[in-house]
Each structure stands twice: as structure tokens, then as C-alpha cells.
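> As input, take entry34.cif (mmCIF, C-alpha atoms (C1' of nucleotides)):
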```cif
data_my_file
#
loop_
_atom_site.label_atom_id
_atom_site.label_comp_id
_atom_site.auth_asym_id
_atom_site.auth_seq_id
_atom_site.Cartn_x
_atom_site.Cartn_y
_atom_site.Cartn_z
CA MET A 23 99.84 -70.05 -16.65
CA ARG A 24 99.07 -67.01 -14.53
CA SER A 25 95.67 -68.54 -13.98
CA VAL A 26 97.21 -71.44 -12.11
CA GLN A 27 98.88 -68.96 -9.83
CA ASP A 28 95.58 -67.17 -9.33
CA ALA A 29 94.03 -70.41 -8.19
CA MET A 30 96.91 -71.22 -5.88
CA ASP A 31 96.78 -67.74 -4.39
CA ALA A 32 93.16 -68.22 -3.46
CA LEU A 33 94.02 -71.50 -1.72
CA ASN A 34 97.31 -70.59 -0.09
CA GLY A 35 97.81 -70.50 3.62
CA LYS A 36 98.03 -73.46 5.85
CA TRP A 37 94.37 -73.91 6.67
CA LYS A 38 92.16 -72.82 3.81
CA ILE A 39 91.49 -76.26 2.42
CA ALA A 40 90.71 -77.68 5.82
CA ILE A 41 88.41 -74.75 6.54
CA ILE A 42 86.58 -75.16 3.26
CA SER A 43 86.26 -78.87 3.87
CA SER A 44 84.79 -78.25 7.29
CA ILE A 45 82.21 -75.77 6.03
CA CYS A 46 81.44 -77.81 2.96
CA CYS A 47 80.95 -80.96 4.98
CA TYR A 48 78.34 -79.43 7.28
CA GLY A 49 76.75 -76.91 4.95
CA LYS A 50 76.78 -74.17 7.55
CA ARG A 51 79.31 -73.82 10.26
CA ARG A 52 80.07 -71.39 13.06
CA PHE A 53 83.39 -69.86 14.03
CA THR A 54 83.98 -72.00 17.08
CA ASP A 55 82.81 -75.11 15.27
CA ILE A 56 85.41 -74.63 12.59
CA LEU A 57 87.96 -73.87 15.27
CA ASN A 58 87.28 -77.30 16.67
CA ASP A 59 87.06 -79.07 13.30
CA VAL A 60 90.38 -77.84 12.05
CA GLU A 61 93.01 -79.33 14.28
CA GLY A 62 95.75 -76.94 15.30
CA VAL A 63 94.41 -73.70 13.92
CA SER A 64 94.36 -70.67 16.22
CA ASN A 65 91.51 -68.19 16.35
CA ARG A 66 93.86 -65.58 14.98
CA MET A 67 94.67 -67.66 11.91
CA LEU A 68 91.13 -68.85 11.45
CA SER A 69 89.91 -65.29 11.50
CA LYS A 70 92.48 -64.24 8.96
CA GLU A 71 91.91 -67.12 6.58
CA LEU A 72 88.14 -66.78 6.76
CA LYS A 73 88.49 -63.15 5.87
CA GLU A 74 90.60 -63.97 2.83
CA LEU A 75 88.18 -66.65 1.72
CA GLU A 76 85.37 -64.14 2.03
CA ILE A 77 87.26 -61.56 -0.01
CA ASN A 78 87.72 -64.20 -2.68
CA GLN A 79 83.99 -64.83 -2.53
CA LEU A 80 84.44 -68.47 -1.70
CA ILE A 81 82.49 -68.28 1.53
CA LYS A 82 79.63 -66.21 2.83
CA ARG A 83 79.55 -64.77 6.33
CA THR A 84 76.24 -64.20 8.07
CA VAL A 85 75.82 -62.55 11.44
CA LEU A 86 72.74 -63.74 13.28
CA ASN A 87 70.93 -61.41 15.62
CA THR A 88 71.30 -63.46 18.78
CA GLN A 89 72.74 -62.73 22.18
CA PRO A 90 75.65 -63.30 22.20
CA ILE A 91 75.99 -62.98 18.48
CA THR A 92 76.34 -65.99 16.25
CA VAL A 93 78.14 -66.08 12.94
CA GLU A 94 77.53 -68.63 10.26
CA TYR A 95 79.82 -69.45 7.41
CA GLU A 96 78.81 -71.27 4.26
CA LEU A 97 80.26 -71.85 0.83
CA THR A 98 79.15 -69.61 -1.97
CA GLU A 99 78.21 -71.04 -5.33
CA HIS A 100 81.66 -70.10 -6.49
CA GLY A 101 83.20 -71.79 -3.48
CA ASN A 102 81.37 -74.97 -4.35
CA THR A 103 83.10 -75.13 -7.71
CA LEU A 104 86.26 -75.85 -5.77
CA GLN A 105 85.03 -79.28 -4.84
CA ALA A 106 86.16 -80.84 -8.09
CA ILE A 107 89.67 -79.50 -7.56
CA ILE A 108 89.79 -80.59 -3.96
CA THR A 109 88.70 -84.05 -4.95
CA GLU A 110 91.40 -84.24 -7.61
CA LEU A 111 94.02 -82.95 -5.23
CA SER A 112 92.92 -85.50 -2.70
CA ASP A 113 93.12 -88.35 -5.20
CA TRP A 114 96.52 -87.27 -6.36
CA GLY A 115 97.67 -86.80 -2.77
CA ILE A 116 96.84 -90.40 -1.99
CA VAL A 117 98.76 -91.69 -4.98
CA HIS A 118 101.60 -89.35 -4.18
CA ARG A 119 101.86 -90.46 -0.58
CA LYS A 120 102.03 -94.09 -1.65
CA LYS A 121 104.70 -93.19 -4.15
CA ILE A 122 106.87 -91.31 -1.69
CA VAL A 123 106.35 -92.90 1.67
CA GLY A 124 106.21 -96.25 -0.01
CA LYS A 125 103.21 -98.53 -0.09
CA MET B 11 91.61 -84.87 4.02
CA ARG B 12 95.27 -85.30 4.90
CA SER B 13 95.79 -86.37 1.32
CA VAL B 14 94.87 -82.91 0.09
CA GLN B 15 97.52 -81.52 2.38
CA ASP B 16 100.02 -84.02 1.02
CA ALA B 17 99.33 -82.76 -2.46
CA MET B 18 99.58 -79.13 -1.42
CA ASP B 19 102.86 -79.82 0.37
CA ALA B 20 104.35 -81.21 -2.80
CA LEU B 21 103.30 -78.10 -4.69
CA ASN B 22 104.02 -75.44 -2.11
CA GLY B 23 106.56 -72.71 -2.54
CA LYS B 24 106.20 -69.78 -4.80
CA TRP B 25 107.54 -71.29 -8.00
CA LYS B 26 106.88 -75.03 -8.20
CA ILE B 27 103.91 -74.84 -10.51
CA ALA B 28 105.64 -72.43 -12.83
CA ILE B 29 108.73 -74.64 -12.86
CA ILE B 30 106.71 -77.74 -13.63
CA SER B 31 104.87 -75.90 -16.36
CA SER B 32 108.13 -74.80 -17.91
CA ILE B 33 109.61 -78.27 -17.93
CA CYS B 34 106.37 -79.88 -19.02
CA CYS B 35 105.95 -77.45 -21.87
CA TYR B 36 109.32 -78.17 -23.40
CA GLY B 37 109.79 -81.79 -22.42
CA LYS B 38 113.36 -81.27 -21.32
CA ARG B 39 114.74 -78.08 -19.90
CA ARG B 40 118.02 -76.87 -18.51
CA PHE B 41 118.68 -74.91 -15.34
CA THR B 42 119.30 -71.59 -17.00
CA ASP B 43 116.40 -72.10 -19.38
CA ILE B 44 114.01 -72.51 -16.49
CA LEU B 45 115.60 -69.54 -14.80
CA ASN B 46 114.61 -67.49 -17.83
CA ASP B 47 111.18 -69.06 -18.26
CA VAL B 48 110.05 -68.42 -14.73
CA GLU B 49 109.89 -64.70 -14.30
CA GLY B 50 111.32 -63.41 -11.06
CA VAL B 51 112.80 -66.57 -9.63
CA SER B 52 116.35 -66.43 -8.31
CA ASN B 53 118.89 -69.19 -8.87
CA ARG B 54 118.86 -69.84 -5.15
CA MET B 55 115.12 -70.44 -5.14
CA LEU B 56 115.14 -72.38 -8.38
CA SER B 57 117.81 -74.65 -7.04
CA LYS B 58 115.90 -75.25 -3.85
CA GLU B 59 112.55 -75.89 -5.49
CA LEU B 60 114.04 -78.19 -8.10
CA LYS B 61 115.61 -80.20 -5.33
CA GLU B 62 112.30 -80.55 -3.54
CA LEU B 63 110.55 -81.56 -6.73
CA GLU B 64 113.22 -84.16 -7.28
CA ILE B 65 112.82 -85.53 -3.77
CA ASN B 66 109.11 -85.82 -4.44
CA GLN B 67 109.96 -87.73 -7.61
CA LEU B 68 108.12 -85.28 -9.80
CA ILE B 69 111.13 -84.41 -11.92
CA LYS B 70 114.26 -86.21 -13.03
CA ARG B 71 117.66 -84.57 -13.05
CA THR B 72 120.28 -85.66 -15.55
CA VAL B 73 123.84 -84.42 -15.67
CA LEU B 74 125.32 -84.52 -19.16
CA ASN B 75 129.00 -85.08 -19.58
CA THR B 76 129.83 -81.87 -21.39
CA GLN B 77 132.25 -79.08 -20.69
CA PRO B 78 131.04 -77.05 -18.92
CA ILE B 79 128.48 -79.44 -17.55
CA THR B 80 124.89 -79.39 -18.66
CA VAL B 81 121.93 -80.45 -16.57
CA GLU B 82 118.59 -81.48 -17.95
CA TYR B 83 115.35 -81.62 -16.05
CA GLU B 84 112.29 -83.50 -17.18
CA LEU B 85 109.04 -84.65 -15.63
CA THR B 86 108.83 -88.17 -14.33
CA GLU B 87 105.85 -90.33 -15.09
CA HIS B 88 104.54 -89.41 -11.69
CA GLY B 89 105.13 -85.75 -12.40
CA ASN B 90 103.10 -86.04 -15.53
CA THR B 91 100.05 -87.12 -13.55
CA LEU B 92 99.99 -83.58 -12.23
CA GLN B 93 98.90 -82.27 -15.58
CA ALA B 94 95.24 -82.99 -14.95
CA ILE B 95 95.37 -81.05 -11.72
CA ILE B 96 97.25 -78.17 -13.25
CA THR B 97 94.73 -77.99 -16.04
CA GLU B 98 91.85 -77.93 -13.58
CA LEU B 99 93.57 -75.33 -11.46
CA SER B 100 94.16 -73.26 -14.53
CA ASP B 101 90.54 -73.49 -15.62
CA TRP B 102 89.30 -72.61 -12.20
CA GLY B 103 91.83 -69.79 -11.92
CA ILE B 104 90.45 -68.20 -15.07
CA VAL B 105 86.90 -68.34 -13.80
CA HIS B 106 88.04 -67.11 -10.43
CA ARG B 107 89.90 -64.14 -11.85
CA LYS B 108 86.85 -63.11 -13.84
CA LYS B 109 84.76 -63.45 -10.71
CA ILE B 110 87.03 -61.36 -8.52
CA VAL B 111 88.67 -58.83 -10.74
CA GLY B 112 85.48 -58.53 -12.66
CA LYS B 113 85.13 -59.41 -16.31
"C1'" DC C 23 126.97 -73.76 -16.64
"C1'" DG C 24 124.82 -75.03 -12.56
"C1'" DG C 25 124.73 -74.43 -8.56
"C1'" DC C 26 126.07 -73.55 -2.99
"C1'" DA C 27 127.23 -70.24 0.95
"C1'" DT C 28 126.32 -66.14 3.22
"C1'" DC C 29 123.85 -62.24 4.72
"C1'" DC C 30 119.78 -59.83 5.28
"C1'" DT C 31 114.79 -58.40 5.21
"C1'" DT C 32 110.28 -59.46 5.41
"C1'" DA C 33 106.09 -62.48 5.80
"C1'" DC C 34 104.03 -66.04 8.31
"C1'" DA C 35 102.30 -67.89 12.18
"C1'" DG C 36 102.01 -69.26 17.41
"C1'" DA C 37 100.84 -67.71 22.27
"C1'" DT C 38 98.54 -64.86 25.10
"C1'" DA C 39 95.50 -61.39 26.57
"C1'" DC C 40 91.72 -58.46 25.79
"C1'" DT C 41 86.99 -56.49 23.82
"C1'" DG C 42 81.97 -55.70 22.18
"C1'" DC D 2 80.60 -65.98 20.98
"C1'" DA D 3 83.46 -64.14 17.67
"C1'" DG D 4 86.76 -62.12 17.05
"C1'" DT D 5 91.10 -58.11 17.65
"C1'" DA D 6 95.71 -56.55 19.53
"C1'" DT D 7 100.31 -57.25 20.65
"C1'" DC D 8 104.43 -59.45 21.07
"C1'" DT D 9 107.69 -62.74 19.41
"C1'" DG D 10 110.17 -66.54 16.98
"C1'" DT D 11 110.78 -68.90 12.73
"C1'" DA D 12 111.21 -69.60 8.04
"C1'" DA D 13 110.63 -68.04 3.30
"C1'" DG D 14 112.77 -65.65 0.09
"C1'" DG D 15 115.83 -61.89 -2.26
"C1'" DA D 16 120.80 -60.15 -3.35
"C1'" DT D 17 125.24 -61.07 -3.95
"C1'" DG D 18 129.47 -63.53 -4.44
"C1'" DC D 19 132.11 -67.73 -5.04
"C1'" DC D 20 133.36 -72.37 -6.89
"C1'" DG D 21 134.07 -76.86 -9.67
#
```
Mind turning the file's structure into C-alpha cells?


Amino acid sequence: MRSVQDAMDALNGKWKIAIISSICCYGKRRFTDILNDVEGVSNRMLSKELKELEINQLIKRTVLNTQPITVEYELTEHGNTLQAIITELSDWGIVHRKKIVGK
Amino acid sequence: MRSVQDAMDALNGKWKIAIISSICCYGKRRFTDILNDVEGVSNRMLSKELKELEINQLIKRTVLNTQPITVEYELTEHGNTLQAIITELSDWGIVHRKKIVGK
DNA sequence: CGGCATCCTTACAGATACTG
DNA sequence: CAGTATCTGTAAGGATGCCG
């Protein structure tokens, strides 16, 4: 019961799922890349959501020693376990949309 | 991709999952019962979230012809399909909590 | 009993500009 | 490039009171 809330807390915010999907899809992904992948997100929000995902140990942030600096984001092992849930949510979302919007 | 967002939209708000869990757990549940089940929710919020759940055809609202009136809420067939997701979320939430808070 | 109306406070999030 | 800082509007949500 509380555990469901824990899970939702880790995924809340408008962009987290899209961000995870972007990173997951490419394996590794840079800040600006994600900014472009996720339609509508601002750098401010992206920064904030990435930070929260990192705190929750769903993604890993790596600073590369280049000039100018490059930052790579990738899913952690723990982050990867989300895939099953995302898939289920996606499946249900499709059914749900058909149900509500009509076929 | 959008479908995940559709699913999240249907489940957003602070209380929806708890409300669904309450109804689901008992089969049928009345307004005040849910108000007591879900710790911290106000009648204003409960009313609002129930309405949204009803619009999304996840719950069914039935007014009984008593004095004073009684209202019963129950999950629709469509609402019941959420159980799989809620279970998965719950499982993941438990793992996640262990991971973050530490065992 | 089961809400709705109102008021009010805070959290969320966009736009823009700036920094190492 | 990868963010931070600030400023601002909106919306979520709590408290309370009223009504059929």
C-alpha cells in the first residue's frame, strides 16, 4: 500500500518517464540530447528531474573530461527494473485511451 | 510513449491509487468509508479524485435511495485491469524502498 | 450522508538570463 | 556544454462552512 506510493513518488513529475525512455532507448545519453528527445521540457526541469532520478539511483551521471565538459546519463541496474512497469503502463495506457477516447 | 503518459494521467493526483486500493479491497465502499481508509485526504480532494476516476470509467458511482442518501463506489471492469499494474508498482516500490532507505 | 463553494497557501513549472 | 538563478503565473491542495 505505501509501497505503491513509494513507486509513484519515484516516477512523479511531468517528464521522468519520458526521460527514462530516452536514456533507456539509446543506452547512454547526454544532457542536450535528452533535452531534444523530450519534447517540451526546459533545461531547468530536465536538470531537476535528472537530479531526482539520480537521487533515487535510477540513473547514473558521468562527467567526461572533455572541453567543454560532457555529461553522460545512463540507467542503473535498478533503473532497468523499471522497464517491466513502463511496458505494463504503456499497454494499459493504450487500452485506456481506446476505452475513453473511443476506438 | 504517449500511452504511458495516458496511463499516468489517469492515475495522477495524490490519492487516486490509495482510493482505488480502498475500493478494490472491499469491493464496494462508501464516501465516508473511503475518507477514513485513505489517511490524510480531505473530502474536497476525495470528491474531486472520485469524479476524475469516474470520468475515466475506472469506478462506478451508485446512489442508493435511502434517507439520508448513501453512495456506493466500486471498480468497473476496466478499473479492475489496473490491479496488475498496482501489484507491479507495489512490488517495485518495496524493492525500491529497500534500495534507497537501505534495508 | 455526501458532497459543493469559498478562501487561502504552497508547490510546480515556464521564460529568460547568466555562469564555469 | 551543462547546467544555475531569478522572477512569475498557474494549479494543486488544505481548512472551513454550508446545503439538499

> Superimpose chain B on chain A so that the squared distances between all in-order C-alpha pairs are minimised, and send the result as an mmCIF file with C-alpha atoms, in the frame of the given file.


```cif
data_model
loop_
_atom_site.group_PDB
_atom_site.id
_atom_site.type_symbol
_atom_site.label_atom_id
_atom_site.label_comp_id
_atom_site.auth_asym_id
_atom_site.auth_seq_id
_atom_site.Cartn_x
_atom_site.Cartn_y
_atom_site.Cartn_z
ATOM 1 C CA MET B 11 99.888 -70.046 -16.627
ATOM 2 C CA ARG B 12 99.116 -67.000 -14.512
ATOM 3 C CA SER B 13 95.700 -68.503 -13.966
ATOM 4 C CA VAL B 14 97.214 -71.397 -12.052
ATOM 5 C CA GLN B 15 98.896 -68.879 -9.809
ATOM 6 C CA ASP B 16 95.594 -67.085 -9.331
ATOM 7 C CA ALA B 17 94.056 -70.310 -8.145
ATOM 8 C CA MET B 18 96.955 -71.087 -5.840
ATOM 9 C CA ASP B 19 96.803 -67.579 -4.389
ATOM 10 C CA ALA B 20 93.184 -68.070 -3.461
ATOM 11 C CA LEU B 21 94.046 -71.315 -1.707
ATOM 12 C CA ASN B 22 97.321 -70.380 -0.080
ATOM 13 C CA GLY B 23 97.884 -70.271 3.629
ATOM 14 C CA LYS B 24 98.150 -73.243 5.848
ATOM 15 C CA TRP B 25 94.483 -73.794 6.598
ATOM 16 C CA LYS B 26 92.255 -72.685 3.722
ATOM 17 C CA ILE B 27 91.626 -76.113 2.292
ATOM 18 C CA ALA B 28 90.875 -77.585 5.676
ATOM 19 C CA ILE B 29 88.531 -74.695 6.440
ATOM 20 C CA ILE B 30 86.708 -75.086 3.153
ATOM 21 C CA SER B 31 86.430 -78.805 3.715
ATOM 22 C CA SER B 32 84.956 -78.246 7.143
ATOM 23 C CA ILE B 33 82.353 -75.800 5.928
ATOM 24 C CA CYS B 34 81.592 -77.818 2.826
ATOM 25 C CA CYS B 35 81.143 -80.986 4.818
ATOM 26 C CA TYR B 36 78.535 -79.542 7.127
ATOM 27 C CA GLY B 37 76.882 -77.020 4.847
ATOM 28 C CA LYS B 38 76.880 -74.307 7.468
ATOM 29 C CA ARG B 39 79.431 -73.939 10.198
ATOM 30 C CA ARG B 40 80.152 -71.526 12.993
ATOM 31 C CA PHE B 41 83.446 -69.940 13.974
ATOM 32 C CA THR B 42 84.079 -72.085 17.001
ATOM 33 C CA ASP B 43 82.949 -75.205 15.179
ATOM 34 C CA ILE B 44 85.545 -74.662 12.496
ATOM 35 C CA LEU B 45 88.091 -73.892 15.165
ATOM 36 C CA ASN B 46 87.457 -77.364 16.545
ATOM 37 C CA ASP B 47 87.260 -79.095 13.172
ATOM 38 C CA VAL B 48 90.568 -77.816 11.920
ATOM 39 C CA GLU B 49 93.208 -79.282 14.141
ATOM 40 C CA GLY B 50 95.901 -76.873 15.215
ATOM 41 C CA VAL B 51 94.540 -73.633 13.848
ATOM 42 C CA SER B 52 94.471 -70.623 16.152
ATOM 43 C CA ASN B 53 91.578 -68.175 16.292
ATOM 44 C CA ARG B 54 93.890 -65.516 14.933
ATOM 45 C CA MET B 55 94.702 -67.586 11.867
ATOM 46 C CA LEU B 56 91.157 -68.799 11.402
ATOM 47 C CA SER B 57 89.902 -65.264 11.491
ATOM 48 C CA LYS B 58 92.449 -64.145 8.952
ATOM 49 C CA GLU B 59 91.918 -67.014 6.542
ATOM 50 C CA LEU B 60 88.148 -66.743 6.737
ATOM 51 C CA LYS B 61 88.436 -63.093 5.861
ATOM 52 C CA GLU B 62 90.558 -63.860 2.830
ATOM 53 C CA LEU B 63 88.173 -66.560 1.699
ATOM 54 C CA GLU B 64 85.345 -64.094 2.034
ATOM 55 C CA ILE B 65 87.179 -61.484 -0.010
ATOM 56 C CA ASN B 66 87.679 -64.109 -2.685
ATOM 57 C CA GLN B 67 83.942 -64.771 -2.554
ATOM 58 C CA LEU B 68 84.429 -68.413 -1.725
ATOM 59 C CA ILE B 69 82.479 -68.275 1.514
ATOM 60 C CA LYS B 70 79.590 -66.234 2.840
ATOM 61 C CA ARG B 71 79.514 -64.842 6.348
ATOM 62 C CA THR B 72 76.210 -64.328 8.116
ATOM 63 C CA VAL B 73 75.766 -62.724 11.500
ATOM 64 C CA LEU B 74 72.708 -63.996 13.346
ATOM 65 C CA ASN B 75 70.906 -61.715 15.709
ATOM 66 C CA THR B 76 71.297 -63.776 18.850
ATOM 67 C CA GLN B 77 72.755 -63.043 22.237
ATOM 68 C CA PRO B 78 75.662 -63.559 22.271
ATOM 69 C CA ILE B 79 75.996 -63.226 18.540
ATOM 70 C CA THR B 80 76.346 -66.209 16.282
ATOM 71 C CA VAL B 81 78.142 -66.250 12.961
ATOM 72 C CA GLU B 82 77.557 -68.774 10.239
ATOM 73 C CA TYR B 83 79.867 -69.519 7.369
ATOM 74 C CA GLU B 84 78.855 -71.331 4.227
ATOM 75 C CA LEU B 85 80.295 -71.862 0.773
ATOM 76 C CA THR B 86 79.149 -69.604 -2.004
ATOM 77 C CA GLU B 87 78.210 -71.005 -5.363
ATOM 78 C CA HIS B 88 81.652 -70.046 -6.527
ATOM 79 C CA GLY B 89 83.192 -71.748 -3.531
ATOM 80 C CA ASN B 90 81.379 -74.903 -4.404
ATOM 81 C CA THR B 91 83.111 -75.063 -7.775
ATOM 82 C CA LEU B 92 86.256 -75.815 -5.819
ATOM 83 C CA GLN B 93 84.968 -79.229 -4.917
ATOM 84 C CA ALA B 94 86.132 -80.797 -8.157
ATOM 85 C CA ILE B 95 89.623 -79.496 -7.583
ATOM 86 C CA ILE B 96 89.687 -80.574 -3.976
ATOM 87 C CA THR B 97 88.562 -84.025 -4.974
ATOM 88 C CA GLU B 98 91.287 -84.273 -7.594
ATOM 89 C CA LEU B 99 93.878 -82.981 -5.179
ATOM 90 C CA SER B 100 92.732 -85.499 -2.648
ATOM 91 C CA ASP B 101 92.935 -88.364 -5.117
ATOM 92 C CA TRP B 102 96.345 -87.331 -6.262
ATOM 93 C CA GLY B 103 97.482 -86.812 -2.675
ATOM 94 C CA ILE B 104 96.602 -90.402 -1.846
ATOM 95 C CA VAL B 105 98.551 -91.747 -4.783
ATOM 96 C CA HIS B 106 101.393 -89.410 -3.987
ATOM 97 C CA ARG B 107 101.597 -90.469 -0.364
ATOM 98 C CA LYS B 108 101.739 -94.112 -1.378
ATOM 99 C CA LYS B 109 104.459 -93.259 -3.860
ATOM 100 C CA ILE B 110 106.616 -91.353 -1.404
ATOM 101 C CA VAL B 111 106.039 -92.870 1.970
ATOM 102 C CA GLY B 112 105.830 -96.233 0.359
ATOM 103 C CA LYS B 113 102.751 -98.410 0.426
#
```

> Quote the spacing between atom CA of B:Val111 and atom CA of A:Asn78 in Å to one decimal place.

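Atom CA of B:Val111 sits 9.7 Å away from atom CA of A:Asn78.
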
> Using all atoms listed in the file, what does the table of chain B residues within 12 Å of chain D look like, with each row giving the shortest atom pair and its distance in Å to one decimal, sorted by chain and ascending number, as a Markdown table?


```
| residue | atom | partner | partner_atom | distance |
| --- | --- | --- | --- | --- |
| B:Asn22 | CA | D:DA13 | C1' | 11.3 |
| B:Gly23 | CA | D:DA13 | C1' | 8.5 |
| B:Lys24 | CA | D:DG14 | C1' | 9.2 |
| B:Trp25 | CA | D:DG14 | C1' | 11.2 |
| B:Gly50 | CA | D:DG15 | C1' | 10.0 |
| B:Val51 | CA | D:DG15 | C1' | 9.2 |
| B:Ser52 | CA | D:DG15 | C1' | 7.6 |
| B:Asn53 | CA | D:DG15 | C1' | 10.3 |
| B:Arg54 | CA | D:DG15 | C1' | 9.0 |
| B:Met55 | CA | D:DG14 | C1' | 7.5 |
| B:Leu56 | CA | D:DG14 | C1' | 11.1 |
| B:Lys58 | CA | D:DG14 | C1' | 10.8 |
| B:Glu59 | CA | D:DG14 | C1' | 11.7 |
| B:Gln77 | CA | D:DG21 | C1' | 11.4 |
| B:Pro78 | CA | D:DG21 | C1' | 9.7 |
| B:Ile79 | CA | D:DG21 | C1' | 10.0 |
```

> Quick one: everything within 12 Å of A:Ile122, counting all atoms listed in the file, minus sequence neighbours fewer than 6 positions away in the same chain. Send it as an NGL selection string.

(:A and (115-116)) or (:B and (16-17 or 20 or 63-68 or 88))

> Give the residues of chain A that lie within 8 Å of chain B; count only C-alpha atoms, and format the answer as a PyMOL selection string.

chain A and resi 23-30+39-40+78-79+104+107-108+110-116+118-119+122

> If the PyMOL selection byres ((chain C) within 9 of (chain B)) is run on the structure shown, which residues does it catch, given as a ChimeraX atom specification?

/C:23-26

> Using Å and a single decimal, report how far atom CA of A:Glu94 sits from atom C1' of C:DA37.

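A separation of 26.2 Å between them.
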
> Using only C-alpha atoms, find the one residue out of A:Asn58, A:Thr84, A:Glu96, A:Gly124 that sits nearest to A:Ile42.

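For A:Ile42, the nearest of the candidates is A:Glu96.
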
> Rounded to one decimal, what separation in Å do you get between atom CA of B:Ile69 and atom CA of B:Arg39?

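Atom CA of B:Arg39 lies 10.8 Å from atom CA of B:Ile69.
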
> Could you add the missing atoms to stretch 56-63 of chain A, up to all heavy atoms, and return them as a CSV table (one decimal), in the coordinates of the input?


```
chain,number,residue,atom,x,y,z
A,56,ILE,N,84.3,-74.5,13.5
A,56,ILE,CA,85.4,-74.6,12.6
A,56,ILE,C,86.7,-74.7,13.4
A,56,ILE,O,87.6,-75.5,13.1
A,56,ILE,CB,85.5,-73.5,11.6
A,56,ILE,CG1,84.2,-73.4,10.8
A,56,ILE,CG2,86.6,-73.7,10.6
A,56,ILE,CD1,84.1,-72.1,9.9
A,57,LEU,N,86.8,-73.9,14.4
A,57,LEU,CA,88.0,-73.9,15.3
A,57,LEU,C,88.2,-75.3,15.8
A,57,LEU,O,89.4,-75.7,16.0
A,57,LEU,CB,87.7,-72.9,16.4
A,57,LEU,CG,89.0,-72.3,17.1
A,57,LEU,CD1,89.9,-71.6,16.1
A,57,LEU,CD2,88.5,-71.2,18.1
A,58,ASN,N,87.1,-76.0,16.1
A,58,ASN,CA,87.3,-77.3,16.7
A,58,ASN,C,87.5,-78.3,15.6
A,58,ASN,O,88.3,-79.3,15.8
A,58,ASN,CB,86.0,-77.7,17.5
A,58,ASN,CG,85.9,-76.9,18.7
A,58,ASN,OD1,86.9,-76.6,19.4
A,58,ASN,ND2,84.7,-76.5,19.1
A,59,ASP,N,86.9,-78.1,14.4
A,59,ASP,CA,87.1,-79.1,13.3
A,59,ASP,C,88.5,-79.1,12.8
A,59,ASP,O,89.1,-80.2,12.6
A,59,ASP,CB,86.2,-78.7,12.1
A,59,ASP,CG,84.7,-78.9,12.4
A,59,ASP,OD1,84.4,-79.6,13.3
A,59,ASP,OD2,83.9,-78.3,11.7
A,60,VAL,N,89.0,-77.9,12.7
A,60,VAL,CA,90.4,-77.8,12.0
A,60,VAL,C,91.4,-77.9,13.1
A,60,VAL,O,91.7,-77.0,13.9
A,60,VAL,CB,90.5,-76.5,11.3
A,60,VAL,CG1,91.9,-76.4,10.6
A,60,VAL,CG2,89.5,-76.4,10.2
A,61,GLU,N,92.0,-79.1,13.2
A,61,GLU,CA,93.0,-79.3,14.3
A,61,GLU,C,94.2,-78.4,14.2
A,61,GLU,O,94.9,-78.4,13.1
A,61,GLU,CB,93.5,-80.8,14.2
A,61,GLU,CG,94.3,-81.2,15.4
A,61,GLU,CD,93.7,-82.4,16.1
A,61,GLU,OE1,92.7,-83.0,15.6
A,61,GLU,OE2,94.2,-82.9,17.1
A,62,GLY,N,94.5,-77.7,15.2
A,62,GLY,CA,95.8,-76.9,15.3
A,62,GLY,C,95.6,-75.5,14.9
A,62,GLY,O,96.5,-74.7,15.2
A,63,VAL,N,94.5,-75.1,14.3
A,63,VAL,CA,94.4,-73.7,13.9
A,63,VAL,C,94.1,-72.8,15.1
A,63,VAL,O,93.4,-73.3,16.1
A,63,VAL,CB,93.3,-73.5,12.8
A,63,VAL,CG1,91.9,-73.7,13.5
A,63,VAL,CG2,93.5,-72.2,12.1
```
